[in-house]
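Source file: input.tsv; contents: TSV, C-alpha atoms and all ligand atoms.
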```tsv
chain	number	residue	atom	x	y	z
A	24	MET	CA	-1.87	23.40	-29.72
A	25	SER	CA	-0.49	19.92	-28.91
A	26	THR	CA	0.92	19.17	-25.45
A	27	ARG	CA	4.36	18.78	-26.98
A	28	GLN	CA	4.13	22.27	-28.55
A	29	MET	CA	2.89	23.67	-25.25
A	30	TRP	CA	5.97	22.29	-23.48
A	31	ASN	CA	8.29	23.51	-26.23
A	32	ASP	CA	6.80	27.01	-25.88
A	33	ARG	CA	7.26	26.94	-22.14
A	34	TYR	CA	10.90	25.86	-22.44
A	35	THR	CA	11.57	28.47	-25.14
A	36	LYS	CA	10.22	31.38	-23.08
A	37	LYS	CA	12.46	30.89	-20.07
A	38	ASP	CA	16.15	30.17	-19.69
A	39	LEU	CA	15.63	27.49	-17.03
A	40	VAL	CA	12.06	26.46	-16.16
A	41	TRP	CA	13.04	24.07	-13.33
A	42	SER	CA	15.88	24.23	-10.82
A	43	ALA	CA	19.49	23.66	-11.84
A	44	GLY	CA	19.99	21.09	-9.08
A	45	PRO	CA	18.09	17.82	-8.63
A	46	ASN	CA	14.81	17.34	-6.79
A	47	GLU	CA	15.88	17.09	-3.13
A	48	LEU	CA	13.84	14.02	-2.24
A	49	PHE	CA	15.09	12.24	-5.35
A	50	ALA	CA	18.71	13.06	-4.53
A	51	THR	CA	18.29	11.79	-0.97
A	52	GLU	CA	16.88	8.49	-2.25
A	53	ILE	CA	19.59	7.98	-4.84
A	54	ARG	CA	22.40	8.44	-2.34
A	55	ASN	CA	21.38	5.05	-0.86
A	56	LEU	CA	21.71	3.20	-4.20
A	57	LYS	CA	24.71	1.73	-5.98
A	58	PRO	CA	25.17	3.43	-9.40
A	59	GLY	CA	24.15	1.39	-12.44
A	60	LYS	CA	21.99	1.96	-15.50
A	61	ALA	CA	19.25	4.57	-15.09
A	62	VAL	CA	16.50	6.17	-17.13
A	63	ASP	CA	14.97	9.56	-16.34
A	64	VAL	CA	11.51	9.55	-17.94
A	65	ALA	CA	10.16	13.00	-18.97
A	66	CYS	CA	13.50	14.51	-17.97
A	67	GLY	CA	12.72	18.11	-18.93
A	68	GLU	CA	15.93	20.18	-18.92
A	69	GLY	CA	17.72	17.25	-17.27
A	70	ARG	CA	18.25	18.52	-13.72
A	71	ASN	CA	17.92	14.98	-12.31
A	72	ALA	CA	19.52	13.12	-15.25
A	73	ILE	CA	22.63	15.33	-15.26
A	74	TRP	CA	23.02	15.08	-11.51
A	75	LEU	CA	22.66	11.28	-11.73
A	76	ALA	CA	25.40	11.13	-14.38
A	77	GLU	CA	27.60	13.18	-12.02
A	78	GLN	CA	27.00	10.47	-9.38
A	79	GLU	CA	28.50	7.87	-11.78
A	80	TRP	CA	25.19	6.51	-13.14
A	81	ASN	CA	24.95	5.50	-16.80
A	82	VAL	CA	21.93	7.63	-17.75
A	83	MET	CA	19.34	7.67	-20.52
A	84	ALA	CA	17.05	10.73	-20.42
A	85	ILE	CA	13.82	10.94	-22.42
A	86	ASP	CA	11.47	13.82	-23.10
A	87	PHE	CA	9.25	14.65	-26.07
A	88	SER	CA	10.23	18.33	-25.98
A	89	ASP	CA	13.19	18.87	-28.32
A	90	VAL	CA	13.72	22.32	-26.77
A	91	ALA	CA	14.11	20.79	-23.29
A	92	ILE	CA	16.43	18.06	-24.61
A	93	ALA	CA	18.60	20.65	-26.41
A	94	LYS	CA	18.94	22.57	-23.13
A	95	GLY	CA	19.80	19.36	-21.29
A	96	ARG	CA	22.51	18.58	-23.83
A	97	ARG	CA	24.04	22.06	-23.46
A	98	ILE	CA	24.03	21.94	-19.65
A	99	ALA	CA	25.51	18.41	-19.61
A	100	ALA	CA	28.28	19.48	-22.02
A	101	LYS	CA	29.10	22.48	-19.79
A	102	ARG	CA	29.26	20.20	-16.77
A	103	ASP	CA	31.27	17.68	-18.74
A	104	VAL	CA	29.00	14.65	-18.21
A	105	ASN	CA	27.54	12.12	-20.63
A	106	VAL	CA	23.81	11.47	-20.85
A	107	ASN	CA	22.08	9.50	-23.61
A	108	TRP	CA	19.39	12.04	-24.64
A	109	ILE	CA	16.28	10.70	-26.41
A	110	THR	CA	13.58	12.94	-27.90
A	111	GLU	CA	10.53	10.68	-27.83
A	112	ASP	CA	7.01	10.35	-26.48
A	113	VAL	CA	7.09	7.80	-23.65
A	114	SER	CA	3.53	6.72	-24.29
A	115	THR	CA	4.49	5.43	-27.74
A	116	TRP	CA	8.29	4.89	-27.81
A	117	LYS	CA	9.08	1.48	-26.31
A	118	LEU	CA	11.70	1.44	-23.61
A	119	PRO	CA	13.90	-1.68	-23.48
A	120	LYS	CA	12.36	-4.30	-21.17
A	121	TYR	CA	14.07	-5.26	-17.86
A	122	GLU	CA	16.96	-2.92	-18.68
A	123	PHE	CA	17.44	-0.40	-15.88
A	124	ASP	CA	18.65	-0.56	-12.28
A	125	LEU	CA	16.78	2.69	-11.72
A	126	VAL	CA	13.69	4.05	-13.46
A	127	ALA	CA	12.76	7.57	-12.36
A	128	VAL	CA	9.59	9.44	-13.26
A	129	LEU	CA	9.32	12.94	-11.83
A	130	TYR	CA	6.33	15.21	-12.38
A	131	LEU	CA	5.01	13.57	-15.55
A	132	HIS	CA	1.32	14.55	-15.60
A	133	THR	CA	-0.71	13.30	-18.53
A	134	THR	CA	-4.21	12.21	-19.43
A	135	ILE	CA	-5.39	8.85	-18.11
A	136	ARG	CA	-5.23	7.28	-21.56
A	137	GLU	CA	-1.60	8.28	-22.04
A	138	ARG	CA	-0.77	7.32	-18.47
A	139	GLU	CA	-1.97	3.74	-19.00
A	140	LEU	CA	0.51	3.48	-21.88
A	141	TRP	CA	3.60	5.10	-20.35
A	142	LEU	CA	3.14	3.60	-16.90
A	143	LYS	CA	3.27	0.03	-18.24
A	144	ASN	CA	6.12	0.94	-20.57
A	145	VAL	CA	8.32	2.43	-17.83
A	146	ILE	CA	7.52	-0.20	-15.20
A	147	ASP	CA	8.40	-2.99	-17.66
A	148	SER	CA	11.84	-1.41	-18.15
A	149	VAL	CA	12.90	-2.00	-14.51
A	150	LYS	CA	15.42	-4.85	-14.11
A	151	PRO	CA	14.92	-7.61	-11.51
A	152	SER	CA	16.15	-6.05	-8.22
A	153	GLY	CA	15.92	-2.63	-9.88
A	154	THR	CA	14.28	0.42	-8.29
A	155	PHE	CA	11.30	2.42	-9.51
A	156	ILE	CA	10.92	5.96	-8.21
A	157	TYR	CA	7.82	8.04	-8.89
A	158	ILE	CA	7.43	11.61	-7.64
A	159	ALA	CA	4.59	13.85	-8.83
A	160	HIS	CA	1.97	16.28	-7.60
A	161	ASP	CA	-0.46	14.31	-5.47
A	162	SER	CA	-4.16	14.23	-6.35
A	163	ASP	CA	-4.78	16.10	-3.06
A	164	ASN	CA	-2.51	18.97	-4.16
A	165	ILE	CA	-5.28	20.82	-6.02
A	166	GLU	CA	-7.31	21.28	-2.82
A	167	ASN	CA	-4.56	21.43	-0.23
A	168	GLY	CA	-1.27	22.32	-1.88
A	169	VAL	CA	0.27	24.91	-4.19
A	170	GLY	CA	1.21	24.81	-7.88
A	171	GLY	CA	1.01	21.93	-10.33
A	172	PRO	CA	-1.79	20.92	-12.67
A	173	GLN	CA	-5.28	21.97	-11.63
A	174	ASP	CA	-7.08	19.31	-13.69
A	175	PRO	CA	-7.75	16.26	-11.44
A	176	ALA	CA	-7.59	13.93	-14.46
A	177	LEU	CA	-3.86	14.68	-14.74
A	178	LEU	CA	-3.11	13.59	-11.18
A	179	PRO	CA	-3.32	9.85	-10.49
A	180	THR	CA	-4.06	8.53	-7.02
A	181	MET	CA	-1.22	6.73	-5.28
A	182	ALA	CA	-3.26	3.49	-5.64
A	183	GLU	CA	-3.27	3.84	-9.43
A	184	ILE	CA	0.53	3.83	-9.40
A	185	THR	CA	1.02	1.09	-6.79
A	186	ASN	CA	-1.61	-1.20	-8.40
A	187	ALA	CA	0.40	-1.11	-11.62
A	188	LEU	CA	3.50	-2.35	-9.78
A	189	LYS	CA	2.86	-6.08	-10.12
A	190	GLY	CA	5.89	-8.14	-9.10
A	191	PHE	CA	7.33	-5.28	-7.04
A	192	ASP	CA	7.83	-4.75	-3.36
A	193	VAL	CA	6.35	-1.28	-2.75
A	194	GLU	CA	8.68	0.05	-0.06
A	195	ILE	CA	7.26	3.58	0.20
A	196	ALA	CA	3.98	5.08	-1.00
A	197	GLU	CA	3.30	8.30	0.82
A	198	VAL	CA	2.43	11.94	0.42
A	199	ILE	CA	5.37	14.27	1.04
A	200	GLU	CA	5.16	17.98	1.82
A	201	ARG	CA	7.51	20.09	-0.32
A	202	PRO	CA	8.12	23.80	0.32
A	203	VAL	CA	7.79	25.74	-2.95
A	204	SER	CA	9.46	29.06	-3.68
A	205	ARG	CA	7.74	31.71	-5.83
A	206	ASP	CA	10.20	31.17	-8.65
A	207	PRO	CA	11.07	27.45	-8.32
A	208	GLY	CA	14.79	26.88	-8.19
A	209	HIS	CA	15.62	30.56	-8.59
A	210	GLY	CA	14.61	32.25	-5.34
A	211	LYS	CA	13.97	31.70	-1.66
A	212	GLU	CA	10.62	33.50	-1.21
A	213	LEU	CA	8.15	30.80	-0.13
A	214	GLU	CA	4.88	30.42	-2.05
A	215	GLY	CA	3.56	27.54	0.08
A	216	ILE	CA	3.64	23.79	0.51
A	217	ALA	CA	3.07	21.36	-2.37
A	218	LEU	CA	1.86	17.81	-1.77
A	219	ASP	CA	3.80	15.22	-3.74
A	220	SER	CA	3.05	11.52	-4.22
A	221	PHE	CA	6.20	9.54	-3.61
A	222	VAL	CA	6.50	5.86	-4.52
A	223	ARG	CA	9.64	3.74	-4.22
A	224	ALA	CA	9.40	0.11	-5.31
A	225	LEU	CA	11.82	-2.75	-5.92
A	226	ARG	CA	11.26	-5.40	-8.57
A	227	THR	CA	11.40	-8.73	-6.75
B	301	LIG	C1	6.77	19.12	-15.09
B	301	LIG	S1	7.99	18.71	-16.30
B	301	LIG	C2	9.11	17.75	-15.31
B	301	LIG	C3	10.50	17.67	-15.88
B	301	LIG	C4	11.49	16.84	-15.06
B	301	LIG	N1	11.01	15.50	-14.80
B	301	LIG	C5	11.83	17.54	-13.77
B	301	LIG	O1	11.39	17.09	-12.71
B	301	LIG	O2	12.53	18.55	-13.83
B	301	LIG	C6	7.13	17.50	-17.28
B	301	LIG	C7	7.91	17.04	-18.50
B	301	LIG	O3	7.20	15.96	-19.10
B	301	LIG	C8	7.42	16.03	-20.50
B	301	LIG	N2	6.37	15.19	-21.12
B	301	LIG	C9	5.02	15.32	-21.01
B	301	LIG	N3	4.40	14.33	-21.67
B	301	LIG	C10	5.38	13.55	-22.22
B	301	LIG	C11	5.38	12.38	-23.01
B	301	LIG	N4	4.23	11.80	-23.39
B	301	LIG	N5	6.56	11.85	-23.41
B	301	LIG	C12	7.74	12.44	-23.04
B	301	LIG	N6	7.81	13.55	-22.29
B	301	LIG	C13	6.64	14.10	-21.87
B	301	LIG	C14	7.34	17.52	-20.80
B	301	LIG	O4	7.96	17.87	-22.00
B	301	LIG	C15	8.06	18.10	-19.57
B	301	LIG	O5	9.43	18.27	-19.84
```
Produce structure tokens that represent the structure in this file.
Ligand SMILES: C[S@@+](CC[C@H](N)C(=O)[O-])C[C@H]1O[C@@H](n2cnc3c(N)ncnc32)[C@H](O)[C@@H]1O
Amino acid sequence: MSTRQMWNDRYTKKDLVWSAGPNELFATEIRNLKPGKAVDVACGEGRNAIWLAEQEWNVMAIDFSDVAIAKGRRIAAKRDVNVNWITEDVSTWKLPKYEFDLVAVLYLHTTIRERELWLKNVIDSVKPSGTFIYIAHDSDNIENGVGGPQDPALLPTMAEITNALKGFDVEIAEVIERPVSRDPGHGKELEGIALDSFVRALRT
């Protein structure tokens, strides 16, 4: 089964796989930025993209799962916000260069080969003075955290991400502890602490 089919299956089996609201760290970061043009890369069901649109951002949201994108569309319509939904693979579909004030990548875990392709693609799409935000399970999460992919090849080191940010001022590159509930976004019972890589960088 292809990775795309695997994600489609996962999104088909459950009403909402991720939380309805945005990632908390992401939301905290965005509150300090002036709204402009944003892209949410690997947006899933659109929890962050829809929230961004509600904060007056002009948002493009991309994911290769058509099931996730269809859910995102429905939720956005219910909440009466506009998002430009794109069903594409970010390792092959070229994002416009120097286009976005904000490029957000949350929990996109792929093989190294794919990562080399999408990382360059998404970084190139940040405008001068634009912000790049990357949040994902840290490579240390397998040993010391809960949840997320258990294959180390899917989890880049922080250095792999920051080294790709040529021409950027890397303002934050740190591991953040995130409490995880047993049924993420749907309950309060704590499963444990996940370790997330968090990078925030500004194109100079
Ligand atoms: C863990 S989910 C995260 C979803 C969303 N970023 C969030 O935080 O709620 C990972 C998402 O990456 C998408 N994905 C994986 N590989 C992709 C690729 N090459 N191109 C586009 N989307 C991809 C999957 O379909 C899935 O929706």
Please provide the set of residues having any atom within 6 Å of stretch 156-159 of chain A, restricted to only C-alpha atoms, with same-chain residues fewer than 4 positions apart removed, written as a PDB file with C-alpha atoms, in the coordinates of the input.
```
ATOM      1  CA  ALA A 127      12.760   7.570 -12.360  1.00  0.00           C
ATOM      2  CA  VAL A 128       9.590   9.440 -13.260  1.00  0.00           C
ATOM      3  CA  LEU A 129       9.320  12.940 -11.830  1.00  0.00           C
ATOM      4  CA  TYR A 130       6.330  15.210 -12.380  1.00  0.00           C
ATOM      5  CA  ASP A 219       3.800  15.220  -3.740  1.00  0.00           C
ATOM      6  CA  SER A 220       3.050  11.520  -4.220  1.00  0.00           C
ATOM      7  CA  PHE A 221       6.200   9.540  -3.610  1.00  0.00           C
ATOM      8  CA  VAL A 222       6.500   5.860  -4.520  1.00  0.00           C
ATOM      9  CA  ARG A 223       9.640   3.740  -4.220  1.00  0.00           C
TER      10      ARG A 223
END
```
Closest pair table for chain A residues within 7 Å of ligand LIG 301 (chain B), all atoms listed in the file, as CSV:
```
residue,atom,partner,partner_atom,distance
A:Arg27,CA,B:LIG301,O4,6.2
A:Trp30,CA,B:LIG301,O4,5.1
A:Trp41,CA,B:LIG301,O2,5.6
A:Asn46,CA,B:LIG301,O1,6.8
A:Val64,CA,B:LIG301,N1,6.7
A:Ala65,CA,B:LIG301,N6,4.1
A:Cys66,CA,B:LIG301,N1,4.2
A:Gly67,CA,B:LIG301,O5,3.4
A:Glu68,CA,B:LIG301,O2,6.3
A:Gly69,CA,B:LIG301,O2,6.4
A:Arg70,CA,B:LIG301,O2,5.7
A:Asn71,CA,B:LIG301,O2,6.6
A:Ile85,CA,B:LIG301,C12,6.3
A:Asp86,CA,B:LIG301,N6,3.8
A:Phe87,CA,B:LIG301,C12,4.0
A:Ser88,CA,B:LIG301,O4,4.6
A:Ala91,CA,B:LIG301,O5,6.3
A:Glu111,CA,B:LIG301,C12,5.8
A:Asp112,CA,B:LIG301,N5,3.4
A:Val113,CA,B:LIG301,N5,4.1
A:Ser114,CA,B:LIG301,N4,5.2
A:Val128,CA,B:LIG301,N1,6.4
A:Leu129,CA,B:LIG301,N1,4.3
A:Tyr130,CA,B:LIG301,C2,4.8
A:Leu131,CA,B:LIG301,C6,4.8
A:His132,CA,B:LIG301,C9,6.6
A:Thr133,CA,B:LIG301,N3,6.1
A:Glu137,CA,B:LIG301,N4,6.9
```
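Between A:Asn144 and the residues A:Leu48, A:Val193, A:Leu118, A:Leu178, the shortest atom-to-atom distance, using all atoms listed in the file, involves A:Leu118.
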Notebook entry, point to check: What gap, in Å, lies between atom CA of A:Leu125 and atom CA of A:Pro202?
Noted result: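 Between these atoms lies a distance of 25.8 Å.
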Next item on the list: Dump as a PyMOL selection string all residues having an atom at most 12 Å from (11.8, -11.7, -8.7), computed in the file's coordinates with all atoms listed in the file.
Entry: chain A and resi 121+149-153+189-192+225-227
Next item on the list: Have a look at atom CA of A:Val82 and atom CA of A:Val40 and let me know their distance in Å, one decimal.
Entry: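 Interatomic distance here is 21.3 Å.
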Notebook entry, point to check: Which value, in Å to one decimal, gives the distance between atom CA of A:Thr26 and atom CA of A:Ala43?
Noted result: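 Value for the atom CA of A:Thr26-atom CA of A:Ala43 distance: 23.5 Å.
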Margin query: Show me the residues close to (21.0, 9.1, -17.4) - anything with an atom within 8 Å, counting all atoms listed in the file - and format the list as a ChimeraX atom specification.
Written below: /A:60-63,72-73,75-76,80-84,105-108
Note to self: Measuring between only C-alpha atoms, which one of A:Glu77, A:Asp147, A:Glu139, A:Glu200 shows the shortest distance to A:Ile184?
What the structure shows: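 Distance minimum relative to A:Ile184 lands on A:Glu139.
In this comparison, which uses all atoms listed in the file, the residue of A:Val169, A:Ala176, A:Leu188, A:Val90 approaching A:Leu218 most closely is A:Val169.
With only C-alpha atoms as the atoms that count, the minimum distance from A:Phe123 to the choices A:Gly59, A:Pro175, A:Arg96, A:Ala182 is reached by A:Gly59.
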Notebook entry, point to check: Pick from A:Gly95, A:Arg136, A:Thr185, A:Ala217: nearest to A:Glu166, with all atoms listed in the file counted?
Noted result: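 Answer, going by the shortest atom-to-atom distance: A:Ala217.
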Note to self: Just checking: using all atoms listed in the file, which residue out of A:Ser148, A:Thr35, A:Gln78, A:Ser42 ends up closest to A:Val126?
What the structure shows: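 Among the listed residues, the smallest separation from A:Val126 belongs to A:Ser148.
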Work out where the centre of an axis-aligned box around every listed atom of stretch 59-68 of chain A lies and how long its edges are once 5 Å is added on each side; give both in Å to one decimal as AutoDock Vina command-line options.
```
--center_x 17.2 --center_y 10.8 --center_z -15.7 --size_x 24.0 --size_y 28.8 --size_z 16.5
```
